[in-house]
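Asks: Got run-v8.pdb for you, PDB, C-alpha atoms, pLDDT in the B column:
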```pdb
ATOM      1  CA  MET A 815       0.576 -34.967   4.874  1.00 39.00           C
ATOM      2  CA  ASN A 816       3.256 -34.258   2.286  1.00 42.00           C
ATOM      3  CA  ASN A 817       6.510 -33.354   4.045  1.00 45.00           C
ATOM      4  CA  ASN A 818       8.514 -32.704   0.882  1.00 50.00           C
ATOM      5  CA  SER A 819      11.012 -30.079   2.033  1.00 52.00           C
ATOM      6  CA  ASN A 820      11.637 -29.073  -1.592  1.00 58.00           C
ATOM      7  CA  ALA A 821       8.037 -27.979  -2.135  1.00 73.00           C
ATOM      8  CA  THR A 822       7.666 -24.297  -2.983  1.00 88.00           C
ATOM      9  CA  LEU A 823       6.715 -22.029  -0.117  1.00 96.00           C
ATOM     10  CA  PHE A 824       3.413 -20.195  -0.555  1.00 97.00           C
ATOM     11  CA  ILE A 825       2.911 -16.838   1.167  1.00 98.00           C
ATOM     12  CA  THR A 826      -0.612 -15.500   1.533  1.00 98.00           C
ATOM     13  CA  ASP A 827      -2.045 -12.233   2.772  1.00 98.00           C
ATOM     14  CA  VAL A 828      -5.104 -12.593   5.025  1.00 98.00           C
ATOM     15  CA  CYS A 829      -7.495  -9.615   4.962  1.00 97.00           C
ATOM     16  CA  GLY A 830      -9.248  -9.276   1.628  1.00 97.00           C
ATOM     17  CA  THR A 831      -7.324 -12.265   0.306  1.00 98.00           C
ATOM     18  CA  LEU A 832      -7.812 -15.390   2.391  1.00 98.00           C
ATOM     19  CA  VAL A 833     -10.964 -13.970   3.995  1.00 98.00           C
ATOM     20  CA  TYR A 834     -13.196 -11.056   3.094  1.00 97.00           C
ATOM     21  CA  ASP A 835     -12.963  -9.210   6.426  1.00 96.00           C
ATOM     22  CA  ASP A 836     -10.656  -6.498   7.694  1.00 96.00           C
ATOM     23  CA  THR A 837      -9.704  -8.775  10.575  1.00 97.00           C
ATOM     24  CA  THR A 838      -8.258  -6.054  12.809  1.00 96.00           C
ATOM     25  CA  LEU A 839     -11.467  -4.043  12.702  1.00 95.00           C
ATOM     26  CA  CYS A 840     -13.741  -7.059  13.012  1.00 97.00           C
ATOM     27  CA  LEU A 841     -11.736  -8.601  15.853  1.00 98.00           C
ATOM     28  CA  LEU A 842     -12.082  -5.360  17.795  1.00 97.00           C
ATOM     29  CA  ARG A 843     -15.828  -5.367  17.132  1.00 96.00           C
ATOM     30  CA  VAL A 844     -16.128  -8.940  18.415  1.00 97.00           C
ATOM     31  CA  HIS A 845     -13.876  -8.260  21.395  1.00 97.00           C
ATOM     32  CA  PHE A 846     -15.574  -5.015  22.443  1.00 96.00           C
ATOM     33  CA  SER A 847     -18.998  -6.673  22.267  1.00 95.00           C
ATOM     34  CA  GLN A 848     -17.773  -9.080  24.954  1.00 93.00           C
ATOM     35  CA  GLN A 849     -16.644  -6.272  27.272  1.00 88.00           C
ATOM     36  CA  PRO A 850     -19.893  -4.690  28.551  1.00 85.00           C
ATOM     37  CA  GLU A 851     -18.089  -2.855  31.352  1.00 87.00           C
ATOM     38  CA  ARG A 852     -16.614  -0.520  28.719  1.00 89.00           C
ATOM     39  CA  GLN A 853     -19.684   0.036  26.586  1.00 87.00           C
ATOM     40  CA  TRP A 854     -18.428   3.276  25.050  1.00 92.00           C
ATOM     41  CA  ARG A 855     -16.013   1.447  22.777  1.00 95.00           C
ATOM     42  CA  LEU A 856     -18.479  -0.035  20.291  1.00 94.00           C
ATOM     43  CA  PRO A 857     -20.124   3.299  19.399  1.00 93.00           C
ATOM     44  CA  MET A 858     -16.662   4.872  19.264  1.00 92.00           C
ATOM     45  CA  LEU A 859     -15.502   2.129  16.919  1.00 94.00           C
ATOM     46  CA  ARG A 860     -18.517   2.725  14.679  1.00 92.00           C
ATOM     47  CA  ALA A 861     -17.909   6.485  14.691  1.00 91.00           C
ATOM     48  CA  LEU A 862     -14.273   6.048  13.679  1.00 90.00           C
ATOM     49  CA  THR A 863     -14.861   3.478  10.942  1.00 90.00           C
ATOM     50  CA  ALA A 864     -18.356   3.938   9.488  1.00 87.00           C
ATOM     51  CA  HIS A 865     -18.497   4.786   5.782  1.00 81.00           C
ATOM     52  CA  LEU A 866     -18.727   8.572   5.299  1.00 82.00           C
ATOM     53  CA  SER A 867     -18.439   9.174   9.055  1.00 86.00           C
ATOM     54  CA  PRO A 868     -17.088  12.716   9.636  1.00 87.00           C
ATOM     55  CA  PHE A 869     -14.544  11.247  12.065  1.00 83.00           C
ATOM     56  CA  ARG A 870     -13.327   8.751   9.462  1.00 82.00           C
ATOM     57  CA  LEU A 871     -13.185  11.403   6.757  1.00 86.00           C
ATOM     58  CA  GLY A 872     -11.239  13.711   9.062  1.00 89.00           C
ATOM     59  CA  ILE A 873      -8.748  10.976   9.907  1.00 88.00           C
ATOM     60  CA  ALA A 874      -8.382  10.163   6.197  1.00 86.00           C
ATOM     61  CA  VAL A 875      -7.406  13.783   5.541  1.00 90.00           C
ATOM     62  CA  ILE A 876      -4.856  13.711   8.362  1.00 88.00           C
ATOM     63  CA  GLU A 877      -3.411  10.431   7.066  1.00 86.00           C
ATOM     64  CA  ARG A 878      -3.067  11.845   3.565  1.00 86.00           C
ATOM     65  CA  LEU A 879      -1.348  14.989   4.845  1.00 87.00           C
ATOM     66  CA  THR A 880       1.017  13.209   7.237  1.00 85.00           C
ATOM     67  CA  GLY A 881       1.546   9.872   5.459  1.00 83.00           C
ATOM     68  CA  LYS A 882       0.935   8.135   8.794  1.00 81.00           C
ATOM     69  CA  HIS A 883      -1.539   5.346   9.619  1.00 84.00           C
ATOM     70  CA  VAL A 884      -3.481   7.298  12.247  1.00 87.00           C
ATOM     71  CA  LEU A 885      -6.662   5.210  12.369  1.00 90.00           C
ATOM     72  CA  LYS A 886      -5.038   1.861  13.106  1.00 92.00           C
ATOM     73  CA  HIS A 887      -3.132   3.336  16.045  1.00 93.00           C
ATOM     74  CA  LEU A 888      -6.300   4.954  17.427  1.00 93.00           C
ATOM     75  CA  LEU A 889      -8.093   1.612  17.226  1.00 95.00           C
ATOM     76  CA  VAL A 890      -5.285  -0.252  18.974  1.00 96.00           C
ATOM     77  CA  ARG A 891      -5.246   2.486  21.629  1.00 96.00           C
ATOM     78  CA  MET A 892      -8.791   1.426  22.532  1.00 96.00           C
ATOM     79  CA  LEU A 893      -7.419  -1.949  23.694  1.00 97.00           C
ATOM     80  CA  LYS A 894      -5.487  -0.312  26.537  1.00 97.00           C
ATOM     81  CA  ASP A 895      -5.911  -2.134  29.877  1.00 96.00           C
ATOM     82  CA  ASP A 896      -7.543  -5.235  28.355  1.00 97.00           C
ATOM     83  CA  THR A 897      -5.886  -8.549  29.089  1.00 97.00           C
ATOM     84  CA  VAL A 898      -3.973 -10.385  26.401  1.00 98.00           C
ATOM     85  CA  SER A 899      -5.814 -13.584  27.330  1.00 98.00           C
ATOM     86  CA  SER A 900      -9.285 -12.074  26.770  1.00 97.00           C
ATOM     87  CA  LEU A 901      -8.321 -10.792  23.320  1.00 98.00           C
ATOM     88  CA  GLU A 902      -6.784 -14.134  22.380  1.00 98.00           C
ATOM     89  CA  LEU A 903      -9.913 -16.002  23.508  1.00 98.00           C
ATOM     90  CA  ASN A 904     -12.172 -13.791  21.403  1.00 98.00           C
ATOM     91  CA  ALA A 905      -9.739 -14.144  18.484  1.00 98.00           C
ATOM     92  CA  GLU A 906     -10.077 -17.935  18.598  1.00 98.00           C
ATOM     93  CA  VAL A 907     -13.863 -17.703  18.394  1.00 97.00           C
ATOM     94  CA  TYR A 908     -13.717 -15.141  15.592  1.00 98.00           C
ATOM     95  CA  ALA A 909     -11.142 -17.173  13.647  1.00 98.00           C
ATOM     96  CA  GLN A 910     -13.416 -20.207  13.596  1.00 98.00           C
ATOM     97  CA  TRP A 911     -16.306 -18.049  12.400  1.00 98.00           C
ATOM     98  CA  LEU A 912     -14.116 -16.614   9.636  1.00 98.00           C
ATOM     99  CA  LEU A 913     -13.152 -20.070   8.389  1.00 98.00           C
ATOM    100  CA  ASP A 914     -16.773 -21.177   8.464  1.00 98.00           C
ATOM    101  CA  ASN A 915     -18.293 -18.091   6.846  1.00 98.00           C
ATOM    102  CA  ARG A 916     -15.846 -15.637   5.253  1.00 98.00           C
ATOM    103  CA  LYS A 917     -13.422 -17.563   3.048  1.00 98.00           C
ATOM    104  CA  VAL A 918     -12.750 -16.163  -0.436  1.00 98.00           C
ATOM    105  CA  PRO A 919     -13.477 -19.278  -2.564  1.00 97.00           C
ATOM    106  CA  ALA A 920     -11.390 -18.266  -5.589  1.00 97.00           C
ATOM    107  CA  VAL A 921      -8.347 -17.796  -3.356  1.00 98.00           C
ATOM    108  CA  TRP A 922      -8.859 -21.050  -1.459  1.00 98.00           C
ATOM    109  CA  ASN A 923      -8.949 -22.890  -4.775  1.00 97.00           C
ATOM    110  CA  VAL A 924      -5.370 -21.692  -5.256  1.00 97.00           C
ATOM    111  CA  VAL A 925      -3.944 -22.055  -1.752  1.00 97.00           C
ATOM    112  CA  THR A 926      -5.643 -25.197  -0.401  1.00 96.00           C
ATOM    113  CA  PRO A 927      -2.959 -27.633  -1.665  1.00 95.00           C
ATOM    114  CA  ALA A 928      -0.246 -25.609   0.089  1.00 96.00           C
ATOM    115  CA  ILE A 929      -2.323 -25.464   3.284  1.00 95.00           C
ATOM    116  CA  LYS A 930      -2.815 -29.232   3.241  1.00 94.00           C
ATOM    117  CA  ASP A 931       0.927 -29.756   2.747  1.00 94.00           C
ATOM    118  CA  LYS A 932       1.812 -27.143   5.420  1.00 93.00           C
ATOM    119  CA  HIS A 933       3.987 -25.225   2.942  1.00 95.00           C
ATOM    120  CA  ILE A 934       2.117 -21.966   3.431  1.00 97.00           C
ATOM    121  CA  ILE A 935       2.717 -18.934   5.642  1.00 98.00           C
ATOM    122  CA  LEU A 936       0.060 -16.397   6.586  1.00 98.00           C
ATOM    123  CA  ALA A 937       1.655 -12.952   6.236  1.00 98.00           C
ATOM    124  CA  SER A 938      -0.504 -10.135   7.540  1.00 97.00           C
ATOM    125  CA  ALA A 939      -0.193  -6.682   9.069  1.00 96.00           C
ATOM    126  CA  SER A 940      -3.340  -7.517  11.040  1.00 97.00           C
ATOM    127  CA  LEU A 941      -3.135  -8.162  14.783  1.00 98.00           C
ATOM    128  CA  GLN A 942      -1.242 -11.220  15.939  1.00 98.00           C
ATOM    129  CA  PRO A 943      -4.061 -12.723  18.063  1.00 98.00           C
ATOM    130  CA  ILE A 944      -6.364 -13.217  15.065  1.00 98.00           C
ATOM    131  CA  VAL A 945      -3.648 -14.218  12.569  1.00 98.00           C
ATOM    132  CA  SER A 946      -2.191 -16.618  15.133  1.00 98.00           C
ATOM    133  CA  ALA A 947      -5.634 -18.119  15.779  1.00 98.00           C
ATOM    134  CA  LEU A 948      -6.213 -18.651  12.054  1.00 98.00           C
ATOM    135  CA  ALA A 949      -2.753 -20.155  11.617  1.00 98.00           C
ATOM    136  CA  LYS A 950      -3.294 -22.466  14.592  1.00 97.00           C
ATOM    137  CA  GLN A 951      -6.577 -23.786  13.204  1.00 97.00           C
ATOM    138  CA  LEU A 952      -4.933 -24.366   9.807  1.00 97.00           C
ATOM    139  CA  GLY A 953      -1.758 -25.820  11.324  1.00 97.00           C
ATOM    140  CA  VAL A 954       0.552 -23.394   9.505  1.00 97.00           C
ATOM    141  CA  ARG A 955       3.083 -20.644  10.277  1.00 97.00           C
ATOM    142  CA  PHE A 956       2.453 -16.896  10.281  1.00 98.00           C
ATOM    143  CA  VAL A 957       3.861 -13.403  10.679  1.00 98.00           C
ATOM    144  CA  ALA A 958       1.707 -10.525  11.943  1.00 98.00           C
ATOM    145  CA  SER A 959       1.732  -7.190  13.759  1.00 98.00           C
ATOM    146  CA  GLU A 960       2.429  -7.557  17.472  1.00 98.00           C
ATOM    147  CA  LEU A 961       0.740  -5.700  20.306  1.00 98.00           C
ATOM    148  CA  GLU A 962       2.703  -4.363  23.253  1.00 98.00           C
ATOM    149  CA  SER A 963       1.774  -5.726  26.664  1.00 98.00           C
ATOM    150  CA  LYS A 964       3.040  -5.599  30.234  1.00 98.00           C
ATOM    151  CA  ASP A 965       2.321  -8.339  32.755  1.00 98.00           C
ATOM    152  CA  GLY A 966      -0.377  -9.750  30.489  1.00 98.00           C
ATOM    153  CA  VAL A 967      -2.150  -6.410  30.014  1.00 98.00           C
ATOM    154  CA  LEU A 968      -2.251  -4.522  26.711  1.00 98.00           C
ATOM    155  CA  THR A 969      -0.720  -1.049  26.660  1.00 98.00           C
ATOM    156  CA  GLY A 970      -2.726   0.160  23.667  1.00 97.00           C
ATOM    157  CA  ARG A 971       0.334   0.387  21.440  1.00 97.00           C
ATOM    158  CA  TYR A 972       1.964  -1.688  18.746  1.00 97.00           C
ATOM    159  CA  LYS A 973       5.128  -3.557  19.606  1.00 97.00           C
ATOM    160  CA  ARG A 974       5.743  -4.146  15.897  1.00 96.00           C
ATOM    161  CA  ASP A 975       3.588  -2.954  13.007  1.00 95.00           C
ATOM    162  CA  LEU A 976       4.203  -5.173   9.984  1.00 94.00           C
ATOM    163  CA  THR A 977       2.723  -2.813   7.386  1.00 90.00           C
ATOM    164  CA  GLY A 978       5.200  -2.749   4.510  1.00 86.00           C
ATOM    165  CA  LEU A 979       7.654  -4.948   6.449  1.00 92.00           C
ATOM    166  CA  LYS A 980       6.409  -8.459   5.700  1.00 95.00           C
ATOM    167  CA  SER A 981       9.491  -9.490   3.705  1.00 93.00           C
ATOM    168  CA  ARG A 982      11.813  -8.838   6.646  1.00 94.00           C
ATOM    169  CA  ALA A 983       9.568 -10.730   9.064  1.00 96.00           C
ATOM    170  CA  LEU A 984       9.276 -13.645   6.649  1.00 96.00           C
ATOM    171  CA  SER A 985      13.052 -13.786   6.202  1.00 96.00           C
ATOM    172  CA  ASN A 986      13.448 -13.995   9.985  1.00 96.00           C
ATOM    173  CA  LEU A 987      10.832 -16.733  10.187  1.00 96.00           C
ATOM    174  CA  ILE A 988      12.240 -19.006   7.473  1.00 95.00           C
ATOM    175  CA  GLY A 989      15.861 -18.382   8.441  1.00 94.00           C
ATOM    176  CA  ILE A 990      17.099 -17.116   5.064  1.00 92.00           C
ATOM    177  CA  ASP A 991      16.635 -13.924   3.094  1.00 93.00           C
ATOM    178  CA  LEU A 992      13.336 -14.154   1.258  1.00 92.00           C
ATOM    179  CA  ILE A 993      15.062 -12.755  -1.839  1.00 88.00           C
ATOM    180  CA  ASP A 994      17.188 -15.913  -1.989  1.00 89.00           C
ATOM    181  CA  SER A 995      14.259 -18.312  -1.670  1.00 90.00           C
ATOM    182  CA  SER A 996      11.741 -19.644  -4.165  1.00 93.00           C
ATOM    183  CA  TYR A 997       8.168 -18.880  -3.220  1.00 96.00           C
ATOM    184  CA  ASP A 998       4.679 -18.180  -4.562  1.00 97.00           C
ATOM    185  CA  ALA A 999       2.590 -15.335  -3.154  1.00 98.00           C
ATOM    186  CA  ILE A1000      -0.949 -13.971  -3.223  1.00 98.00           C
ATOM    187  CA  SER A1001      -2.348 -10.657  -1.972  1.00 98.00           C
ATOM    188  CA  ASP A1002      -4.768  -7.831  -2.680  1.00 97.00           C
ATOM    189  CA  ASN A1003      -2.578  -5.187  -0.985  1.00 94.00           C
ATOM    190  CA  LEU A1004      -0.493  -2.687  -2.925  1.00 93.00           C
ATOM    191  CA  THR A1005       1.912  -2.630   0.034  1.00 92.00           C
ATOM    192  CA  ASP A1006       2.759  -6.236  -0.912  1.00 95.00           C
ATOM    193  CA  ARG A1007       3.949  -5.334  -4.413  1.00 95.00           C
ATOM    194  CA  GLU A1008       7.611  -5.937  -3.539  1.00 93.00           C
ATOM    195  CA  LEU A1009       6.727  -9.313  -2.051  1.00 95.00           C
ATOM    196  CA  LEU A1010       4.750 -10.269  -5.157  1.00 96.00           C
ATOM    197  CA  SER A1011       7.468  -8.997  -7.497  1.00 95.00           C
ATOM    198  CA  GLY A1012       9.950 -11.467  -6.001  1.00 95.00           C
ATOM    199  CA  ALA A1013       7.610 -14.446  -6.238  1.00 96.00           C
ATOM    200  CA  ARG A1014       8.056 -17.333  -8.658  1.00 96.00           C
ATOM    201  CA  ARG A1015       4.316 -17.162  -9.220  1.00 97.00           C
ATOM    202  CA  ALA A1016       2.353 -14.103  -8.101  1.00 97.00           C
ATOM    203  CA  TYR A1017      -1.402 -13.891  -7.710  1.00 98.00           C
ATOM    204  CA  VAL A1018      -3.254 -10.594  -7.270  1.00 98.00           C
ATOM    205  CA  VAL A1019      -6.789 -10.490  -5.870  1.00 98.00           C
ATOM    206  CA  LEU A1020      -8.919  -7.779  -7.487  1.00 97.00           C
ATOM    207  CA  HIS A1021     -12.034  -6.688  -5.600  1.00 95.00           C
ATOM    208  CA  LYS A1022     -12.906  -4.456  -8.564  1.00 92.00           C
ATOM    209  CA  ALA A1023     -11.820  -4.900 -12.167  1.00 91.00           C
ATOM    210  CA  SER A1024     -10.587  -1.291 -12.238  1.00 92.00           C
ATOM    211  CA  HIS A1025      -8.050  -2.095  -9.497  1.00 93.00           C
ATOM    212  CA  LYS A1026      -5.893  -3.902 -12.049  1.00 94.00           C
ATOM    213  CA  GLU A1027      -4.581  -0.500 -13.186  1.00 94.00           C
ATOM    214  CA  ARG A1028      -2.865  -0.125  -9.808  1.00 94.00           C
ATOM    215  CA  TRP A1029      -0.685  -3.132 -10.546  1.00 96.00           C
ATOM    216  CA  ALA A1030       0.636  -1.991 -13.920  1.00 94.00           C
ATOM    217  CA  GLY A1031       3.955  -3.647 -14.773  1.00 94.00           C
ATOM    218  CA  LEU A1032       3.552  -6.608 -12.403  1.00 96.00           C
ATOM    219  CA  THR A1033       3.555 -10.057 -13.980  1.00 96.00           C
ATOM    220  CA  ALA A1034       0.860 -11.973 -12.101  1.00 97.00           C
ATOM    221  CA  THR A1035      -2.249 -14.087 -12.323  1.00 97.00           C
ATOM    222  CA  TYR A1036      -5.210 -11.820 -11.534  1.00 97.00           C
ATOM    223  CA  ILE A1037      -8.176 -13.187  -9.587  1.00 97.00           C
ATOM    224  CA  ARG A1038     -11.259 -11.019 -10.059  1.00 95.00           C
ATOM    225  CA  LEU A1039     -13.885 -11.193  -7.329  1.00 94.00           C
ATOM    226  CA  SER A1040     -16.422  -8.955  -9.086  1.00 80.00           C
TER     227      SER A1040
END
```
For the structure just supplied, provide its representation as structure tokens.
Replies:
Amino acid sequence: MNNNSNATLFITDVCGTLVYDDTTLCLLRVHFSQQPERQWRLPMLRALTAHLSPFRLGIAVIERLTGKHVLKHLLVRMLKDDTVSSLELNAEVYAQWLLDNRKVPAVWNVVTPAIKDKHIILASASLQPIVSALAKQLGVRFVASELESKDGVLTGRYKRDLTGLKSRALSNLIGIDLIDSSYDAISDNLTDRELLSGARRAYVVLHKASHKERWAGLTATYIRLS
């Protein structure tokens, strides 16, 4: 392993970048399937997230009117009274499946050298159990959204939601202001534009060619997946 401390840090988003899945949603699906004593949660999850579901469309309207991320908080609320340990166990299993089946090849072609050299950080607003499990299997560092718990039991609330706040969390992790450091970054999220703008080399993952219009003015290497 290359331990060159002068190597450039590489920061990578997870969902839609490193792997295809929305890892928060899919972790909940995996976790709820292992909790038969609360069988109502899987159909509720499908009702809230299915394409063109009236519940999802209604929530989308509320989110647009309020500017708040309503759905993600409703989903996390469904974890109330589950143990932290059970979620972490299911996250470990799901993380291995992701690495075996859901990698985005074009992105891994870019980030693999940094992963091998341990100069990469996973930066995701997804839930800490799954991002932590991925980071552990890759042997790298991470920042992620934290869930609130009490005595090992989840409260159904966020302790810290990292949406739009990755730069601050990364600065705390590396010990210096990210603005003052040299780093490369890759993401498909518009909320990461500031992070990408400050990168020495920025890579943007495009799931549709038309999405490039959203990034107007950003100097980056664009990776088209379709």
Asks: Could you spell out the hits of the PyMOL selection byres ((chain A and resi 851-858) around 12) on the shown file, as a ChimeraX atom specification?
Replies: /A:839-850,859-864,867,869-870,888-896
Asks: Using the chain letters and numbers from this file, what does the PyMOL selection byres ((chain A and resi 949) around 12) select? Give the answer as a PyMOL selection string.
Replies: chain A and resi 826-828+832+905-906+909-910+913+929+932+934-938+942-948+950-958
Asks: Hey, what's within 8 Å of Cys829 in chain A if we count only C-alpha atoms and toss same-chain stuff fewer than 6 positions away? As a PyMOL selection string, please?
Replies: chain A and resi 835-837+938+940
Asks: Taking the file above as input, evaluate the PyMOL selection byres ((chain A and resi 1022) around 8) and report the hits as a VMD selection string.
Replies: chain A and resid 1020 to 1021 1023 to 1026 1038 to 1040
Asks: Report, in Å to a single decimal, how far apart CA of Gly970 in chain A and CA of Val884 in chain A are.
Replies: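 So the answer is 13.5 Å.
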Asks: Skipping near chain neighbours, those fewer than 5 positions away, what residues fall within 9 Å of Asp1006 in chain A using all atoms listed in the file, listed as a list in words?
Replies: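 The filter keeps Asp827, Thr977, Gly978, Leu979, Lys980, Ser981, Ile1000, Ser1001 and Ser1011 of chain A.
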Asks: One decimal, in Å: what's the spacing between CA of Arg1015 in chain A and CA of Ala999 in chain A?
Replies: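 That distance, rounded to one decimal, is 6.6 Å.
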Asks: Counting all atoms listed in the file, find residues at most 10 Å from (-2.9, -1.1, -7.5) (file frame) and give them as a ChimeraX atom specification.
Replies: /A:1002-1005,1007,1018,1020,1024-1030,1032
Asks: Please produce a file of those selected residues containing C-alpha atoms, as a PDB file, in the frame of the given file.
Replies:
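Saved file again_5.pdb follows:
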```
ATOM      1  CA  ASP A1002      -4.768  -7.831  -2.680  1.00 97.00           C
ATOM      2  CA  ASN A1003      -2.578  -5.187  -0.985  1.00 94.00           C
ATOM      3  CA  LEU A1004      -0.493  -2.687  -2.925  1.00 93.00           C
ATOM      4  CA  THR A1005       1.912  -2.630   0.034  1.00 92.00           C
ATOM      5  CA  ARG A1007       3.949  -5.334  -4.413  1.00 95.00           C
ATOM      6  CA  VAL A1018      -3.254 -10.594  -7.270  1.00 98.00           C
ATOM      7  CA  LEU A1020      -8.919  -7.779  -7.487  1.00 97.00           C
ATOM      8  CA  SER A1024     -10.587  -1.291 -12.238  1.00 92.00           C
ATOM      9  CA  HIS A1025      -8.050  -2.095  -9.497  1.00 93.00           C
ATOM     10  CA  LYS A1026      -5.893  -3.902 -12.049  1.00 94.00           C
ATOM     11  CA  GLU A1027      -4.581  -0.500 -13.186  1.00 94.00           C
ATOM     12  CA  ARG A1028      -2.865  -0.125  -9.808  1.00 94.00           C
ATOM     13  CA  TRP A1029      -0.685  -3.132 -10.546  1.00 96.00           C
ATOM     14  CA  ALA A1030       0.636  -1.991 -13.920  1.00 94.00           C
ATOM     15  CA  LEU A1032       3.552  -6.608 -12.403  1.00 96.00           C
TER      16      LEU A1032
END
```
Asks: As an exercise, work out the distance from CA of Lys930 in chain A to CA of Val918 in chain A in Å and give it to one decimal place.
Replies: 16.8 Å
Asks: Nearest residue to Asn915 in chain A out of A:Ile990, A:Tyr834, A:Ser959, A:Asp975, using all atoms listed in the file?
Replies: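 Using all atoms listed in the file, the shortest distance to Asn915 in chain A belongs to A:Tyr834.
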Asks: From the list A:Val898, A:Ile1037, A:Ile876, A:Leu984, which residue is nearest Asn923 in chain A when using all atoms listed in the file?
Replies: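 The shortest atom-to-atom distance to Asn923 in chain A comes from A:Ile1037.
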Asks: Take range 875-924 of chain A from the block and save it with C-alpha atoms, as a CSV table (one decimal), in the first residue's frame.
Replies:
```
chain,number,residue,atom,x,y,z
A,875,VAL,CA,-45.6,18.6,-3.7
A,876,ILE,CA,-45.2,19.3,0.1
A,877,GLU,CA,-41.4,19.2,-0.3
A,878,ARG,CA,-41.5,21.7,-3.2
A,879,LEU,CA,-43.8,24.0,-1.3
A,880,THR,CA,-41.9,23.9,2.0
A,881,GLY,CA,-38.3,23.3,0.7
A,882,LYS,CA,-37.9,20.6,3.3
A,883,HIS,CA,-36.8,17.0,2.8
A,884,VAL,CA,-40.0,15.4,4.2
A,885,LEU,CA,-39.7,11.9,2.7
A,886,LYS,CA,-36.3,11.1,4.2
A,887,HIS,CA,-37.5,12.0,7.6
A,888,LEU,CA,-40.6,9.9,7.3
A,889,LEU,CA,-38.5,6.9,6.2
A,890,VAL,CA,-36.1,7.3,9.2
A,891,ARG,CA,-39.1,7.6,11.5
A,892,MET,CA,-40.0,4.1,10.5
A,893,LEU,CA,-36.8,2.9,12.2
A,894,LYS,CA,-38.0,4.0,15.6
A,895,ASP,CA,-37.5,1.3,18.3
A,896,ASP,CA,-35.2,-0.9,16.2
A,897,THR,CA,-31.8,-1.6,17.7
A,898,VAL,CA,-28.7,0.0,16.3
A,899,SER,CA,-27.0,-3.4,16.2
A,900,SER,CA,-29.7,-5.0,14.0
A,901,LEU,CA,-29.4,-2.1,11.5
A,902,GLU,CA,-25.7,-2.3,11.5
A,903,LEU,CA,-25.7,-6.1,10.9
A,904,ASN,CA,-28.1,-5.8,7.9
A,905,ALA,CA,-25.9,-2.9,6.6
A,906,GLU,CA,-22.9,-5.1,6.6
A,907,VAL,CA,-24.7,-7.7,4.5
A,908,TYR,CA,-26.1,-5.1,2.1
A,909,ALA,CA,-22.7,-3.4,1.7
A,910,GLN,CA,-21.1,-6.7,0.6
A,911,TRP,CA,-23.9,-7.2,-1.9
A,912,LEU,CA,-23.5,-3.7,-3.2
A,913,LEU,CA,-19.8,-4.2,-3.8
A,914,ASP,CA,-20.4,-7.5,-5.5
A,915,ASN,CA,-23.3,-6.4,-7.7
A,916,ARG,CA,-24.0,-2.6,-7.9
A,917,LYS,CA,-20.7,-0.8,-8.6
A,918,VAL,CA,-20.7,1.8,-11.3
A,919,PRO,CA,-17.8,0.6,-13.5
A,920,ALA,CA,-17.0,4.0,-15.1
A,921,VAL,CA,-16.6,5.5,-11.7
A,922,TRP,CA,-14.5,2.7,-10.3
A,923,ASN,CA,-12.1,3.1,-13.2
A,924,VAL,CA,-11.4,6.6,-11.8
```
